[in-house]
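This is query-v3.pdb. It holds PDB, C-alpha atoms.
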```pdb
ATOM      1  CA  MET A1490     -15.815 -22.428  -2.076
ATOM      2  CA  LEU A1491     -12.907 -24.120  -0.402
ATOM      3  CA  ALA A1492     -10.094 -21.697  -1.261
ATOM      4  CA  LYS A1493      -9.577 -18.583  -3.332
ATOM      5  CA  ILE A1494      -6.847 -19.454  -5.825
ATOM      6  CA  LEU A1495      -5.042 -17.323  -8.370
ATOM      7  CA  VAL A1496      -3.514 -19.243 -11.267
ATOM      8  CA  VAL A1497      -0.848 -17.162 -13.024
ATOM      9  CA  GLN A1498       0.262 -18.436 -16.378
ATOM     10  CA  GLY A1499       3.029 -17.214 -18.585
ATOM     11  CA  ASN A1500       3.494 -18.743 -22.004
ATOM     12  CA  SER A1501       2.144 -22.108 -20.872
ATOM     13  CA  PRO A1502      -1.326 -23.417 -21.801
ATOM     14  CA  ILE A1503      -1.628 -25.009 -18.359
ATOM     15  CA  GLY A1504      -3.656 -22.197 -16.773
ATOM     16  CA  PRO A1505      -7.091 -22.948 -18.268
ATOM     17  CA  MET A1506      -6.681 -26.664 -17.522
ATOM     18  CA  LEU A1507      -5.793 -25.942 -13.891
ATOM     19  CA  GLN A1508      -8.675 -23.506 -13.607
ATOM     20  CA  LYS A1509     -11.169 -26.162 -14.732
ATOM     21  CA  VAL A1510      -9.755 -28.854 -12.434
ATOM     22  CA  LEU A1511      -9.630 -26.574  -9.393
ATOM     23  CA  GLU A1512     -13.125 -25.199  -9.975
ATOM     24  CA  LYS A1513     -14.425 -28.748 -10.331
ATOM     25  CA  ALA A1514     -12.837 -29.447  -6.923
ATOM     26  CA  GLY A1515     -14.904 -26.555  -5.512
ATOM     27  CA  HIS A1516     -12.328 -23.772  -5.384
ATOM     28  CA  ASP A1517     -12.866 -20.160  -6.429
ATOM     29  CA  VAL A1518     -10.274 -19.679  -9.194
ATOM     30  CA  VAL A1519      -9.083 -16.555 -10.991
ATOM     31  CA  LEU A1520      -6.844 -16.935 -14.030
ATOM     32  CA  ALA A1521      -4.281 -14.248 -14.836
ATOM     33  CA  ASN A1522      -1.670 -13.998 -17.537
ATOM     34  CA  SER A1523       1.648 -12.643 -16.283
ATOM     35  CA  THR A1524       2.363 -11.158 -19.703
ATOM     36  CA  SER A1525      -0.819  -9.035 -19.881
ATOM     37  CA  ASP A1526      -2.576  -6.157 -18.142
ATOM     38  CA  SER A1527      -4.755  -8.605 -16.210
ATOM     39  CA  PHE A1528      -1.760  -9.319 -14.011
ATOM     40  CA  SER A1529      -3.155  -6.808 -11.510
ATOM     41  CA  VAL A1530      -5.680  -9.515 -10.504
ATOM     42  CA  PRO A1531      -3.852 -10.504  -7.279
ATOM     43  CA  LEU A1532      -4.701  -7.137  -5.724
ATOM     44  CA  GLU A1533      -8.371  -7.516  -6.572
ATOM     45  CA  SER A1534      -8.888 -11.177  -5.689
ATOM     46  CA  SER A1535      -7.005 -11.536  -2.360
ATOM     47  CA  PRO A1536      -6.144 -15.181  -2.990
ATOM     48  CA  SER A1537      -5.072 -17.516  -0.212
ATOM     49  CA  LEU A1538      -3.091 -19.589  -2.705
ATOM     50  CA  VAL A1539      -1.274 -18.704  -5.923
ATOM     51  CA  ILE A1540      -0.185 -21.317  -8.432
ATOM     52  CA  THR A1541       2.201 -19.888 -10.980
ATOM     53  CA  ASP A1542       4.193 -21.438 -13.749
ATOM     54  CA  CYS A1543       7.926 -20.877 -13.875
ATOM     55  CA  MET A1544       8.170 -22.489 -17.275
ATOM     56  CA  HIS A1545       9.427 -19.370 -18.963
ATOM     57  CA  ALA A1546      12.583 -19.569 -21.014
ATOM     58  CA  ASN A1547      13.965 -16.716 -18.908
ATOM     59  CA  CYS A1548      14.398 -17.346 -15.178
ATOM     60  CA  ASP A1549      14.494 -13.594 -14.501
ATOM     61  CA  ASP A1550      10.926 -13.308 -15.856
ATOM     62  CA  SER A1551       9.799 -16.031 -13.452
ATOM     63  CA  LEU A1552      11.491 -14.336 -10.505
ATOM     64  CA  ASP A1553       9.910 -10.981 -11.433
ATOM     65  CA  THR A1554       6.499 -12.674 -11.600
ATOM     66  CA  LEU A1555       6.991 -14.268  -8.180
ATOM     67  CA  ARG A1556       8.096 -10.959  -6.640
ATOM     68  CA  HIS A1557       5.097  -9.163  -8.109
ATOM     69  CA  VAL A1558       2.672 -11.831  -6.854
ATOM     70  CA  HIS A1559       4.138 -11.718  -3.355
ATOM     71  CA  GLU A1560       4.045  -7.909  -3.228
ATOM     72  CA  ALA A1561       0.449  -7.830  -4.506
ATOM     73  CA  ALA A1562      -0.812 -10.695  -2.324
ATOM     74  CA  PRO A1563       1.583 -11.135   0.634
ATOM     75  CA  GLN A1564      -0.929 -13.320   2.498
ATOM     76  CA  ALA A1565      -0.947 -15.906  -0.283
ATOM     77  CA  LYS A1566       1.082 -19.069  -0.252
ATOM     78  CA  ILE A1567       2.714 -19.692  -3.614
ATOM     79  CA  ILE A1568       3.177 -23.015  -5.365
ATOM     80  CA  ALA A1569       5.539 -22.601  -8.315
ATOM     81  CA  LEU A1570       5.382 -25.054 -11.208
ATOM     82  CA  PHE A1571       8.891 -25.467 -12.581
ATOM     83  CA  SER A1572       9.831 -27.075 -15.873
ATOM     84  CA  GLY A1573      12.878 -29.288 -16.081
ATOM     85  CA  ILE A1574      14.368 -26.925 -18.637
ATOM     86  CA  GLY A1575      16.161 -24.799 -16.047
ATOM     87  CA  ASP A1576      19.079 -25.913 -13.968
ATOM     88  CA  GLN A1577      19.162 -26.471 -10.196
ATOM     89  CA  THR A1578      20.430 -22.931  -9.584
ATOM     90  CA  GLU A1579      17.328 -21.494 -11.268
ATOM     91  CA  ARG A1580      15.035 -23.904  -9.393
ATOM     92  CA  GLN A1581      16.644 -22.870  -6.097
ATOM     93  CA  ALA A1582      16.237 -19.191  -6.975
ATOM     94  CA  VAL A1583      12.514 -19.820  -7.505
ATOM     95  CA  ALA A1584      12.241 -21.767  -4.231
ATOM     96  CA  ASN A1585      13.936 -18.944  -2.307
ATOM     97  CA  GLN A1586      11.425 -16.264  -3.342
ATOM     98  CA  PRO A1587       9.231 -14.822  -0.566
ATOM     99  CA  GLY A1588       5.873 -16.568  -0.329
ATOM    100  CA  VAL A1589       6.943 -19.683  -2.221
ATOM    101  CA  VAL A1590       6.062 -22.705  -0.105
ATOM    102  CA  ARG A1591       6.743 -25.379  -2.690
ATOM    103  CA  VAL A1592       8.242 -25.863  -6.132
ATOM    104  CA  LEU A1593       6.540 -28.619  -8.090
ATOM    105  CA  ASN A1594       8.425 -30.067 -11.041
ATOM    106  CA  ASP A1595       6.751 -30.338 -14.412
ATOM    107  CA  PRO A1596       5.454 -32.712 -15.566
ATOM    108  CA  PHE A1597       3.231 -33.225 -12.544
ATOM    109  CA  GLU A1598       0.026 -35.081 -11.852
ATOM    110  CA  VAL A1599      -3.055 -33.039 -11.021
ATOM    111  CA  GLY A1600      -3.800 -35.394  -8.124
ATOM    112  CA  GLY A1601      -0.369 -34.611  -6.723
ATOM    113  CA  LEU A1602      -1.074 -30.899  -6.984
ATOM    114  CA  LEU A1603      -4.412 -31.288  -5.174
ATOM    115  CA  GLU A1604      -2.680 -33.282  -2.428
ATOM    116  CA  LEU A1605       0.002 -30.604  -2.129
ATOM    117  CA  MET A1606      -2.731 -27.982  -1.849
ATOM    118  CA  ARG A1607      -4.415 -29.938   0.942
ATOM    119  CA  ASN A1608      -1.112 -30.155   2.796
ATOM    120  CA  THR A1609      -0.333 -26.478   2.204
ATOM    121  CA  MET A1610      -3.729 -24.960   2.841
ATOM    122  CA  ASN A1611      -5.444 -27.539   5.032
ATOM    123  CA  VAL A1612      -8.411 -27.585   2.675
ATOM    124  CA  SER A1613     -10.191 -30.605   1.277
ATOM    125  CA  SER A1614     -10.705 -31.119  -2.410
TER
END
```
Please express what this file holds, its structure, as structure tokens.
Amino acid sequence: MLAKILVVQGNSPIGPMLQKVLEKAGHDVVLANSTSDSFSVPLESSPSLVITDCMHANCDDSLDTLRHVHEAAPQAKIIALFSGIGDQTERQAVANQPGVVRVLNDPFEVGGLLELMRNTMNVSS
């Protein structure tokens, strides 16, 4: 496997799609739902990269998710997917969270995400 990746989804259906694409690219992927008990997965999986959606209606929920991910997996670099629903202040708050290396606006192209991963992690996909 190229990288151990945790995909954290909130209310978005994007998680399973990302899991399939990333596994097809050869990565070891764990899917967690930030609204369920399985959110303890970061501690168990020791990911090198976390991709999380910040597409929640409530920015505070997204910030709490990011804080939890960073506390549980401080070694992981975080790529936050951000919907255009929020304003620039919310996007900046997401970008300023510990561990966040990049905020990617939604909609995004999967190829762009894979390229960003290569740049962030120095892995090939």
Can you tell me which residues surround A:Asp1542 at a distance of at most 7 Å, considering all atoms listed in the file, apart from same-chain residues fewer than 2 positions away, and format the answer as a PDB file with C-alpha atoms, in the coordinates of the input?
```
ATOM      1  CA  VAL A1497      -0.848 -17.162 -13.024  1.00  0.00           C
ATOM      2  CA  GLN A1498       0.262 -18.436 -16.378  1.00  0.00           C
ATOM      3  CA  GLY A1499       3.029 -17.214 -18.585  1.00  0.00           C
ATOM      4  CA  ILE A1540      -0.185 -21.317  -8.432  1.00  0.00           C
ATOM      5  CA  MET A1544       8.170 -22.489 -17.275  1.00  0.00           C
ATOM      6  CA  ALA A1569       5.539 -22.601  -8.315  1.00  0.00           C
ATOM      7  CA  LEU A1570       5.382 -25.054 -11.208  1.00  0.00           C
ATOM      8  CA  PHE A1571       8.891 -25.467 -12.581  1.00  0.00           C
TER       9      PHE A1571
END
```
**OP:** Enter the distance from atom CA of A:Thr1554 to atom CA of A:Ser1523, in Å, rounded to one decimal.
**Re:** 6.7 Å
Original post:
Residues at most 10 Å from A:Leu1605, counting all atoms listed in the file, excluding those fewer than 6 positions away in the same chain, as a ChimeraX atom specification?
Top reply: /A:1568,1591,1593,1599,1611
Residues matched by the PyMOL selection byres ((chain A and resi 1563) around 10) as a CSV table (one decimal) with C-alpha atoms, in the frame of the given file:
```csv
chain,number,residue,atom,x,y,z
A,1531,PRO,CA,-3.9,-10.5,-7.3
A,1532,LEU,CA,-4.7,-7.1,-5.7
A,1535,SER,CA,-7.0,-11.5,-2.4
A,1536,PRO,CA,-6.1,-15.2,-3.0
A,1537,SER,CA,-5.1,-17.5,-0.2
A,1556,ARG,CA,8.1,-11.0,-6.6
A,1557,HIS,CA,5.1,-9.2,-8.1
A,1558,VAL,CA,2.7,-11.8,-6.9
A,1559,HIS,CA,4.1,-11.7,-3.4
A,1560,GLU,CA,4.0,-7.9,-3.2
A,1561,ALA,CA,0.4,-7.8,-4.5
A,1562,ALA,CA,-0.8,-10.7,-2.3
A,1564,GLN,CA,-0.9,-13.3,2.5
A,1565,ALA,CA,-0.9,-15.9,-0.3
A,1566,LYS,CA,1.1,-19.1,-0.3
A,1567,ILE,CA,2.7,-19.7,-3.6
A,1587,PRO,CA,9.2,-14.8,-0.6
A,1588,GLY,CA,5.9,-16.6,-0.3
```
**OP:** Given the file shown, determine the residues that the PyMOL selection byres ((chain A and resi 1496) around 8) selects; report them as a PyMOL selection string.
**Re:** chain A and resi 1494-1495+1497-1498+1504+1507-1508+1518-1521+1539-1541
Could you write out that same residue set with C-alpha atoms as an mmCIF file, in the coordinates of the input?
```cif
data_model
loop_
_atom_site.group_PDB
_atom_site.id
_atom_site.type_symbol
_atom_site.label_atom_id
_atom_site.label_comp_id
_atom_site.auth_asym_id
_atom_site.auth_seq_id
_atom_site.Cartn_x
_atom_site.Cartn_y
_atom_site.Cartn_z
ATOM 1 C CA ILE A 1494 -6.847 -19.454 -5.825
ATOM 2 C CA LEU A 1495 -5.042 -17.323 -8.370
ATOM 3 C CA VAL A 1497 -0.848 -17.162 -13.024
ATOM 4 C CA GLN A 1498 0.262 -18.436 -16.378
ATOM 5 C CA GLY A 1504 -3.656 -22.197 -16.773
ATOM 6 C CA LEU A 1507 -5.793 -25.942 -13.891
ATOM 7 C CA GLN A 1508 -8.675 -23.506 -13.607
ATOM 8 C CA VAL A 1518 -10.274 -19.679 -9.194
ATOM 9 C CA VAL A 1519 -9.083 -16.555 -10.991
ATOM 10 C CA LEU A 1520 -6.844 -16.935 -14.030
ATOM 11 C CA ALA A 1521 -4.281 -14.248 -14.836
ATOM 12 C CA VAL A 1539 -1.274 -18.704 -5.923
ATOM 13 C CA ILE A 1540 -0.185 -21.317 -8.432
ATOM 14 C CA THR A 1541 2.201 -19.888 -10.980
#
```
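In this structure, atom CA of A:Asn1608 sits 18.0 Å away from atom CA of A:Asp1517.
From atom CA of A:Met1606 back to atom CA of A:Leu1538, the distance works out to 8.4 Å.
Of the listed residues A:Val1592, A:His1516, A:Asp1550, A:Val1583, the one whose atoms come nearest to A:Arg1607 is A:His1516, with distances taken using only C-alpha atoms.
Among the candidate residues A:Ser1572, A:Ala1584, A:Glu1512, A:Met1610, the one lying nearest to A:Phe1597 is A:Ser1572, with distances computed using all atoms listed in the file.
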